[in-house]
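Enquirer: Pasting in a structure now, in structure tokens, and then I'll have a few things to ask.
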Amino acid sequence: MMFGILALLYGFSTPCCGCGIYALLLGSLSLLLILATIMYLTRNIDWYELGKEE
């Protein structure tokens with residue numbers, strides 16, 4: 001799984017760095033996509049209940 005994530009990041013970052021004009025735009029959009037994915041995956045976690053003991 002880790003290899004797949006690293007391969008995906010490397011595959012995305014290589015063309016992103018190659019086109020210098022659009023590097024900032026592609027970087028911003030990729031960070032937005034990553035943040036949106038993390039927010040979607042963690043939307044049902046009750047963060048206040050994680051440390052409590054019953």
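Residues are named by chain letter and number: chains run A, B, ... in the order of the structure tokens, numbers start at 1 in each chain, and ligands are numbered from 1 in the order shown.
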Distance table requested - segment 30-52 of chain A against segment 6-15 of chain A, cut-off 12 Å, only C-alpha atoms: one row per qualifying residue with the closest atom pair and its distance in Å to one decimal, ordered by chain and rising residue number, as a tab-separated table.

Expert:
```
residue	atom	partner	partner_atom	distance
A:Ser30	CA	A:Phe12	CA	9.1
A:Leu31	CA	A:Leu9	CA	11.7
A:Ile34	CA	A:Leu9	CA	11.1
```

Enquirer: Export, as a CSV table (one decimal), in the first residue's frame, the selected residues with N, CA and C atoms.

Expert:
```
chain,number,residue,atom,x,y,z
A,30,SER,N,-3.7,20.1,-6.2
A,30,SER,CA,-3.5,18.8,-5.6
A,30,SER,C,-3.6,18.8,-4.1
A,31,LEU,N,-3.2,19.9,-3.4
A,31,LEU,CA,-3.4,20.0,-2.0
A,31,LEU,C,-4.8,20.1,-1.6
A,34,ILE,N,-6.2,16.5,-1.9
A,34,ILE,CA,-5.8,15.7,-0.8
A,34,ILE,C,-6.6,16.1,0.5
```

Enquirer: Tell me, which residues of chain A carry DSSP helix (DSSP H, G or I), written as a PyMOL selection string?

Expert: chain A and resi 2-18+23-41+47-49

Enquirer: Give me, please, the distance in Å between atom CA of Ala36 of chain A and atom CA of Ile5 of chain A, quoted to one decimal.

Expert: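 Separating atom CA of Ala36 of chain A from atom CA of Ile5 of chain A is a distance of 16.7 Å.
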